[in-house]
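Chemist: Here you go, one structure.
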Amino acid sequence: MAKKDYYDILKIPRNATKDEIKQSYRKLALKYHPDRNQGNPEAEEKFKEASEAYSVLGNDEKRGIYNNYGFDGLNMGGRGFSTSSFFSDSIFSDFEDILGNLFGFGHFSSTRRNKRHGPRKGSDIGIEVDLTLEEAYKGIEKTVPVHREKNCNVCDGTGAESGTSPDVCIQCGGTGSIRRSQGFFSISTTCSMCNGSGSTISHPCKKCNGKGRIEDIKEIKVTFPPGVDNGNRLRITGEGEEGFSGGRPGDLYIIINVKEDDKFKREGNNLIYELNINFSQAVLGDDIKIKTFYGTEKIKIPPEVQNGRIIKLKGKGFKNINGWGKGNLLIIIKVVTSTNISRREKEIYKELREIENKKSKKISAESKNIFN
Ligand SMILES: [Zn+2]
Ligand SMILES: [Zn+2]
């Protein structure tokens with residue numbers, strides 16, 4: 001069977017940039033990755049094809065040889081392209097660099113190539129926690145329930161009923177992976193019989209049904225420091241899922257979701273408060289008390305204040321979580337027109353209108369005089 005062109009396999013033009021090559025490979029590798037397509041030989045074939053194409057086109061020197069001499073050039077040996085050096089570890093670590101961060105919280109284990117029944121780190125867990133704006137302002141300690149996997153305490157994580165033990169997998173001989181080669185290229189895939197564990201269980205543990213793992217809920221005390229913001233992520237080392245066979249546990253990531261407050265808002269590290277006042281307060285000034293997250297604050301409204309004026313209370317905003325200092329409390333003055341006014345109020349406003357009309361006529365007469 002004629003070999004497919006590497007550019008065709010990766011679905012890229014011959015003048016594709018390195019980034020385009022990498023991106024296209026990532027897409028294909030994700031789609032056809034053996035972990036996602038267990039027992040699908042066609043996907044496995046496509047994954048191998050794509051990986052082979054990338055191992056050549058992703059390397060400038062090999063790509064040059066391929067462009068000039070085709071497959072023959074690569075198979076020539078001679079110029080340092082023997083089978084063993086061709087499939088060097090650096091290529092594998094390339095794959096892992098590319099694939100390793102695609103699965104988010106470490107569910108793609110980069111230790112996949114190692115024997116899976118050896119010690120293995122537990123997965124990381126990500127959970128979202130809601131805080132009120134006040135809690136984010138002051139900081140708070142909360143107990144958060146975390147659902148996670150741990151090793152079954154009945155079978156000690158082996159999955160085998162007590163008194164029995166798992167058998168070495170006959171398909172992979174206990175390595176958990178199967179290495180296949182195709183020409184100079186070889187790739188190891190997870191053993192389909194034992195799912196990579198290296199062993200099979202004839203008498204499964206009744207508590208965990210042979211999985212070796214059970215679900216556990218642990219209450220974890222989390223300290224949210226003052227000033228945390230929406231979207232911030234706290235990492236708690238070692239509170240993820242329990243490791244396998246004595247491996248380290250994963251980490252717990254807490255993603256903070258700050259709920260909206262009906263009085264206060266946050267902008268950067270500033271705390272924002274919109275203060276509604278009426279006409280007479282705006283004209284005459286006033287002393288107002290507002291309830292803040294830290295207690296009562298006295299606000300002095302100066303006479304003849306304009307709508308939109310901002311009164312700044314320095315250092316009363318959010319604590320800067322990444323360093324020193326604090327934001328400010330910004331009071332935004334909003335002059336609100338009175339509604340449902342009484343007859344008496346209306347009279348006063350009419351009187352006021354007359355005074356203001358006279359005043360503006362006088363001003364326009366004065367400015368005419370200036371221009372004349
Ligand atoms: Zn068990
Ligand atoms: Zn196996």
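Residue names in the structure tokens use chain letters A, B, ... in the order shown, residue numbers from 1 in each chain, and ligand numbers from 1 in the order shown.
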Contacts of Ile256 of chain A at 8 Å or less, counting only C-alpha atoms, minus same-chain residues fewer than 6 places along, as an mmCIF file with N, CA and C atoms, in the first residue's frame?

Modeler:
```
data_model
loop_
_atom_site.group_PDB
_atom_site.id
_atom_site.type_symbol
_atom_site.label_atom_id
_atom_site.label_comp_id
_atom_site.auth_asym_id
_atom_site.auth_seq_id
_atom_site.Cartn_x
_atom_site.Cartn_y
_atom_site.Cartn_z
ATOM 1 N N GLU A 128 -15.972 24.826 41.930
ATOM 2 C CA GLU A 128 -16.310 26.242 41.989
ATOM 3 C C GLU A 128 -16.947 26.544 43.346
ATOM 4 N N VAL A 129 -16.551 27.645 43.952
ATOM 5 C CA VAL A 129 -17.143 28.021 45.236
ATOM 6 C C VAL A 129 -17.696 29.444 45.130
ATOM 7 N N ASP A 130 -18.944 29.613 45.566
ATOM 8 C CA ASP A 130 -19.579 30.940 45.537
ATOM 9 C C ASP A 130 -19.224 31.724 46.793
ATOM 10 N N LEU A 131 -18.887 32.996 46.606
ATOM 11 C CA LEU A 131 -18.681 33.893 47.743
ATOM 12 C C LEU A 131 -19.549 35.119 47.534
ATOM 13 N N VAL A 228 -9.965 38.482 47.407
ATOM 14 C CA VAL A 228 -10.092 37.530 46.284
ATOM 15 C C VAL A 228 -11.186 38.012 45.332
ATOM 16 N N ASP A 229 -10.989 37.694 44.063
ATOM 17 C CA ASP A 229 -11.906 38.221 43.050
ATOM 18 C C ASP A 229 -12.516 37.068 42.258
ATOM 19 N N ASN A 230 -13.561 37.402 41.563
ATOM 20 C CA ASN A 230 -14.236 36.474 40.673
ATOM 21 C C ASN A 230 -13.229 35.854 39.707
ATOM 22 N N GLY A 231 -13.234 34.539 39.584
ATOM 23 C CA GLY A 231 -12.334 33.882 38.637
ATOM 24 C C GLY A 231 -10.974 33.529 39.220
ATOM 25 N N ASN A 232 -10.648 34.042 40.403
ATOM 26 C CA ASN A 232 -9.371 33.667 41.040
ATOM 27 C C ASN A 232 -9.383 32.165 41.309
ATOM 28 N N ARG A 233 -8.196 31.590 41.307
ATOM 29 C CA ARG A 233 -8.086 30.155 41.513
ATOM 30 C C ARG A 233 -7.141 29.887 42.672
ATOM 31 N N LEU A 234 -7.614 29.148 43.641
ATOM 32 C CA LEU A 234 -6.742 28.774 44.749
ATOM 33 C C LEU A 234 -6.338 27.315 44.553
#
```

Chemist: Among segment 214-289 of chain A, which residues carry a DSSP assignment of alpha helix (DSSP H), reported as number ranges by chain?

Modeler: A: 279-284

Chemist: Could you write out the selected residues, including all heavy atoms, as a compact mmCIF listing (two decimals), in the first residue's frame?

Modeler:
```txt
# COMPACT_ATOMS: atom_id res chain seq x y z
N PHE A 279 -32.80 66.74 45.55
CA PHE A 279 -32.36 68.09 45.17
C PHE A 279 -31.86 68.90 46.35
O PHE A 279 -30.81 69.53 46.29
CB PHE A 279 -33.51 68.85 44.49
CG PHE A 279 -33.71 68.45 43.06
CD1 PHE A 279 -34.91 68.74 42.42
CD2 PHE A 279 -32.71 67.81 42.35
CE1 PHE A 279 -35.10 68.38 41.09
CE2 PHE A 279 -32.90 67.45 41.03
CZ PHE A 279 -34.11 67.74 40.40
N SER A 280 -32.64 68.86 47.44
CA SER A 280 -32.25 69.74 48.55
C SER A 280 -30.93 69.28 49.16
O SER A 280 -30.09 70.11 49.53
CB SER A 280 -33.36 69.79 49.60
OG SER A 280 -33.62 68.50 50.10
N GLN A 281 -30.71 67.96 49.22
CA GLN A 281 -29.42 67.48 49.73
C GLN A 281 -28.29 67.90 48.80
O GLN A 281 -27.20 68.27 49.25
CB GLN A 281 -29.43 65.95 49.83
CG GLN A 281 -30.25 65.41 50.99
CD GLN A 281 -30.34 63.89 50.93
OE1 GLN A 281 -30.78 63.33 49.93
NE2 GLN A 281 -29.93 63.23 52.01
N ALA A 282 -28.58 67.86 47.48
CA ALA A 282 -27.55 68.23 46.51
C ALA A 282 -27.20 69.71 46.63
O ALA A 282 -26.05 70.10 46.55
CB ALA A 282 -28.04 67.92 45.09
N VAL A 283 -28.22 70.53 46.86
CA VAL A 283 -27.99 71.97 46.91
C VAL A 283 -27.40 72.39 48.26
O VAL A 283 -26.45 73.16 48.32
CB VAL A 283 -29.31 72.73 46.64
CG1 VAL A 283 -29.12 74.23 46.83
CG2 VAL A 283 -29.79 72.43 45.22
N LEU A 284 -27.96 71.86 49.32
CA LEU A 284 -27.58 72.33 50.65
C LEU A 284 -26.45 71.52 51.29
O LEU A 284 -25.86 71.94 52.27
CB LEU A 284 -28.80 72.31 51.58
CG LEU A 284 -30.02 73.09 51.07
CD1 LEU A 284 -31.22 72.85 51.97
CD2 LEU A 284 -29.70 74.58 50.97
```

Chemist: Each residue of chain A lying at most 6 Å from ligand 1 should get a row with its shortest atom-to-atom pair and the distance in Å to one decimal, counting only C-alpha atoms and all ligand atoms; could you produce that, ordered by chain and increasing number, as JSON lines?

Modeler:
```
{"residue": "A:Cys152", "atom": "CA", "partner": "ligand 1", "partner_atom_place_in_ligand_line": "1 (Zn)", "distance": 4.5}
{"residue": "A:Val154", "atom": "CA", "partner": "ligand 1", "partner_atom_place_in_ligand_line": "1 (Zn)", "distance": 5.0}
{"residue": "A:Cys155", "atom": "CA", "partner": "ligand 1", "partner_atom_place_in_ligand_line": "1 (Zn)", "distance": 4.1}
{"residue": "A:Gly157", "atom": "CA", "partner": "ligand 1", "partner_atom_place_in_ligand_line": "1 (Zn)", "distance": 5.9}
{"residue": "A:Gly159", "atom": "CA", "partner": "ligand 1", "partner_atom_place_in_ligand_line": "1 (Zn)", "distance": 4.6}
{"residue": "A:Cys205", "atom": "CA", "partner": "ligand 1", "partner_atom_place_in_ligand_line": "1 (Zn)", "distance": 4.5}
{"residue": "A:Lys207", "atom": "CA", "partner": "ligand 1", "partner_atom_place_in_ligand_line": "1 (Zn)", "distance": 5.1}
{"residue": "A:Cys208", "atom": "CA", "partner": "ligand 1", "partner_atom_place_in_ligand_line": "1 (Zn)", "distance": 4.2}
{"residue": "A:Gly210", "atom": "CA", "partner": "ligand 1", "partner_atom_place_in_ligand_line": "1 (Zn)", "distance": 5.9}
{"residue": "A:Gly212", "atom": "CA", "partner": "ligand 1", "partner_atom_place_in_ligand_line": "1 (Zn)", "distance": 4.6}
```

Chemist: Any chance you could tabulate, as a tab-separated table, the residues of chain A at most 12 Å from ligand 2 with each one's nearest atom pair and distance in Å to one decimal, using only C-alpha atoms and all ligand atoms, in chain and rising number order?

Modeler:
```
residue	atom	partner	partner_atom_place_in_ligand_line	distance
A:Lys115	CA	ligand 2	1 (Zn)	10.3
A:Arg116	CA	ligand 2	1 (Zn)	10.0
A:His117	CA	ligand 2	1 (Zn)	10.4
A:Pro166	CA	ligand 2	1 (Zn)	11.8
A:Asp167	CA	ligand 2	1 (Zn)	10.2
A:Val168	CA	ligand 2	1 (Zn)	7.7
A:Cys169	CA	ligand 2	1 (Zn)	4.5
A:Ile170	CA	ligand 2	1 (Zn)	6.4
A:Gln171	CA	ligand 2	1 (Zn)	5.0
A:Cys172	CA	ligand 2	1 (Zn)	4.1
A:Gly173	CA	ligand 2	1 (Zn)	6.3
A:Gly174	CA	ligand 2	1 (Zn)	5.7
A:Thr175	CA	ligand 2	1 (Zn)	6.6
A:Gly176	CA	ligand 2	1 (Zn)	4.6
A:Ser177	CA	ligand 2	1 (Zn)	6.5
A:Ile178	CA	ligand 2	1 (Zn)	7.9
A:Arg179	CA	ligand 2	1 (Zn)	11.5
A:Thr189	CA	ligand 2	1 (Zn)	10.4
A:Thr190	CA	ligand 2	1 (Zn)	7.8
A:Cys191	CA	ligand 2	1 (Zn)	4.6
A:Ser192	CA	ligand 2	1 (Zn)	6.5
A:Met193	CA	ligand 2	1 (Zn)	5.0
A:Cys194	CA	ligand 2	1 (Zn)	4.2
A:Asn195	CA	ligand 2	1 (Zn)	6.5
A:Gly196	CA	ligand 2	1 (Zn)	5.8
A:Ser197	CA	ligand 2	1 (Zn)	6.6
A:Gly198	CA	ligand 2	1 (Zn)	4.6
A:Ser199	CA	ligand 2	1 (Zn)	6.1
A:Thr200	CA	ligand 2	1 (Zn)	7.5
A:Ile201	CA	ligand 2	1 (Zn)	11.3
```

Chemist: How far is it from atom CA of Lys4 of chain A to atom CA of Ala53 of chain A, in Å with one decimal?

Modeler: 9.4 Å

Chemist: Would you pick out the contacts of Phe71 of chain A at 10 Å or less, using only C-alpha atoms, so that residues sharing its chain but fewer than 6 positions from it are not included, and give the list as a short mmCIF file (atom, residue, chain, number, x, y, z; two decimals) with C-alpha atoms, in the first residue's frame?

Modeler:
```
data_model
loop_
_atom_site.label_atom_id
_atom_site.label_comp_id
_atom_site.auth_asym_id
_atom_site.auth_seq_id
_atom_site.Cartn_x
_atom_site.Cartn_y
_atom_site.Cartn_z
CA LYS A 3 2.10 5.64 2.00
CA LYS A 4 -0.01 8.73 2.38
CA ASP A 5 1.59 12.11 2.00
CA TYR A 6 2.40 13.64 5.40
CA ILE A 65 14.58 15.99 3.82
#
```

Chemist: Which residues are close to segment 235-240 of chain A, i.e. within 8 Å by only C-alpha atoms, leaving aside same-chain residues fewer than 4 positions away? Reply as a list in words.

Modeler: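 Once the adjacent positions are removed, what remains is Gly122, Ser123, Asp124, Ile125, Arg148, Arg248, Pro249, Gly250, Asp251, Leu252, Tyr253 and Ile254 of chain A.
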
Chemist: Between A:Gly268, A:Pro119, A:Gly227, A:Gly308, which is the closest to Thr132 of chain A once you count only C-alpha atoms?

Modeler: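 Under the stated criterion, the closest residue is A:Gly227.
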
Chemist: Within 12 Å of Thr292 of chain A, counting only C-alpha atoms, which residues qualify if same-chain residues fewer than 2 places away don't, as an MDAnalysis selection string?

Modeler: chainID A and resid 133:134 137:138 261 263:265 271:273 289:290 294:299 313 316:317 329:331

Chemist: Quick one: everything within 8 Å of Tyr54 of chain A, counting only C-alpha atoms, minus sequence neighbours fewer than 2 positions away in the same chain. Send it as a list in words.

Modeler: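 Close residues of Tyr54 of chain A: Tyr6, Leu10, Ile21, Lys22, Tyr25, Ala50, Ser51, Glu52, Val56, Leu57, Gly58 and Asn59 of chain A.
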
Chemist: Nearest to Lys319 of chain A among A:Asp35, A:Asp216, A:Asn15, A:Pro225, with distances taken over only C-alpha atoms: which residue is it?

Modeler: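 Ranked by minimum distance to Lys319 of chain A, first place goes to A:Pro225.
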
Chemist: Where does DSSP see strand (DSSP E) in segment 110-354 of chain A, if you list the residues as a PyMOL selection string?

Modeler: chain A and resi 125-131+140-151+167-168+177-182+185-190+199-200+213-224+233-236+252-258+264-267+270-277+286-292+295-301+310-313+329-335

Chemist: Please measure the separation of atom CA of Gly64 of chain A and atom CA of Lys46 of chain A, giving the value in Å to one decimal.

Modeler: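 About the pair atom CA of Gly64 of chain A and atom CA of Lys46 of chain A: they are 23.4 Å apart.
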
Chemist: By how many Å are atom CA of Asn270 of chain A and atom CA of Thr143 of chain A apart?

Modeler: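 Taking atom CA of Asn270 of chain A and atom CA of Thr143 of chain A, their separation equals 27.8 Å.
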
Chemist: So, counting only C-alpha atoms, which residue among A:Glu219, A:Gly70, A:Lys368, A:Asp8 is closest to Pro145 of chain A?

Modeler: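 Among the listed residues, A:Glu219 lies closest to Pro145 of chain A.
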
Chemist: Quick one: of A:Lys48, A:Val144, A:Lys359, A:Pro226, who's nearest to Gly323 of chain A, counting only C-alpha atoms?

Modeler: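 Under the stated criterion, the closest residue is A:Pro226.
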
Chemist: Pick from A:Glu42, A:Glu356, A:Glu304, A:Asp262: nearest to Asn278 of chain A, with only C-alpha atoms counted?

Modeler: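 Under the stated criterion, the closest residue is A:Glu304.
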